[in-house]
Amino acid sequence: MGTQTKTFARPTHLYGFLRAAARLRFYFPSIRVLETHHVQRPAILVVNAPESLPTTMLLTAAFDEPLLWVLNPARTPTLRSRFAAHLLGALTRSDPAEDAQALEQISDGLRTGKLVGLYSDVAARPDARAVSPSVKLLIALGERWTDPGELVALPVDVFSPPKPFAQWETLIAVGEPIYPAEHLHRAEGNPQVAAESLHAALHAAFAQNAFSLFPSSIERLEAELEGLLRADLRVAWAGRPNWRQSPDDFELSHRVREWIGRANTFEPARLVALAEAAARYRRAHRRWAERSFAAQTAGPWIESPLGRSVAWVEALAGLPLALYGLLNHWIALLALGARDRLRHRETAKARIEWSIRGGVVLAVYAAEILVCNRFLGRAAAGYYALTLPVSGLYLWRYVRLWQSRTRRLFFKLTIPFAARRLQQMRQKVALELDRQITASVEKESAAWEDSVHSWLRFS
């Protein structure tokens, strides 16, 4: 199996159509492939991501070379996924290294210039003695190449943004080439020893995920998750008088910290989803705290039903007059704003400045009265002239009223709803954390009321 192929294989029309459809789906906003200079032929893309139809189509759209996919039939359970695999011409074998026909088809694809794509299960098998099917396939293919420097395995890391952030750019990083035949040569032809060596090399390559979060970001995420879970525990225990334990006595469990470390190595996109959910909660909590503080420091009137009723009556009854005043003065406000932007603040004195502002307002008043006199007559213009200063003064009062009272009334009214919204956001993050961890260990998902105690431990 001699010379290295230098040309691309021509994809079939059906494959080209599917790739074009995938590019229309995934190229908005964009896909970026990093370190493309590592891609050579014959090459096998070893993908460090959970096997799924969207990821398969994503990588099919990202590479110009046609891809021959080797998929696990257990990972294509739905009719849609099986149909898409058939259209792509993928090989669905549970253990292709033991299938001579599959090995021959893969070798033929490599010789004709195709890239072979397969999903790695190395991340789930840290023990090199438990050789994974993907590693056995690489060793079996390496035995078919006489030149150790010809056939390469390329570790591929994928950062596919989670659903709420689908507008982000999708990134694909191609790692340094790994040569399966070299591991066979070092093992003196022993497939088991070579497989263990190749397994360790792939595991080390995937441990250096190009999209891993920095240690400072991991620490901040752990602190936010810990504080969020404590806050919900504090609410749950609020009705327990004389409770000996305090939520502050709990800290994030080792199980969660270990999962965060594994996810940061092999699936950092999951941590990004959690970090963004925690950041949204933090912003919502900050707004709630600011509004609560504004309502609590408003004064005795806000605790009095009579004071609140008077403030609400004026806020609602005075709104039409305030809108009328705004309609009368929006031209004057625009003129004053434009002049403030054009003037030199260093040379203006306060008395002269206020005189000029008054002159601008009077000039606008005169122009509006003339327009009213032109279209509605002198009597209407006289009445309109009387309403101008009155509506202007009330607009000024209404703005002050909004700043000092109405805004705080609104905050006091909405604080209970915001508190319930915060509780829902906390529970949503806790449920997502539970779902991610239970999915990673392939166990049955637990209810949040039970899992929150397993994610925190007594310190």
# chains A, B, ... in the order shown; residues from 1 in each chain; ligands from 1
>>> residues_around(residues="stretch 259-266 of chain A", least_positions_apart="6", cutoff="8 Å", atoms="only C-alpha atoms", output="MDAnalysis selection string")
chainID A and resid 48:49 123 206:209 212:213 218 437
>>> residues_around(residues="A:Glu224", least_positions_apart="2", cutoff="9 Å", atoms="only C-alpha atoms", output="list in words")
Glu219, Arg220, Leu221, Glu222, Glu226, Gly227, Leu228, Leu229, Ala275, Ala278, Ala279 and Arg282 of chain A
>>> closest_residue(among="A:Leu386, A:Leu67, A:Leu370, A:Leu409", to="A:Pro305", atoms="only C-alpha atoms")
A:Leu409
>>> closest_residue(among="A:Gly337, A:Gly113, A:Gly299, A:Pro50", to="A:Glu267", atoms="only C-alpha atoms")
A:Pro50
>>> atom_distance(atom1="atom CA of A:His38", atom2="atom CA of A:Tyr179")
12.5 Å
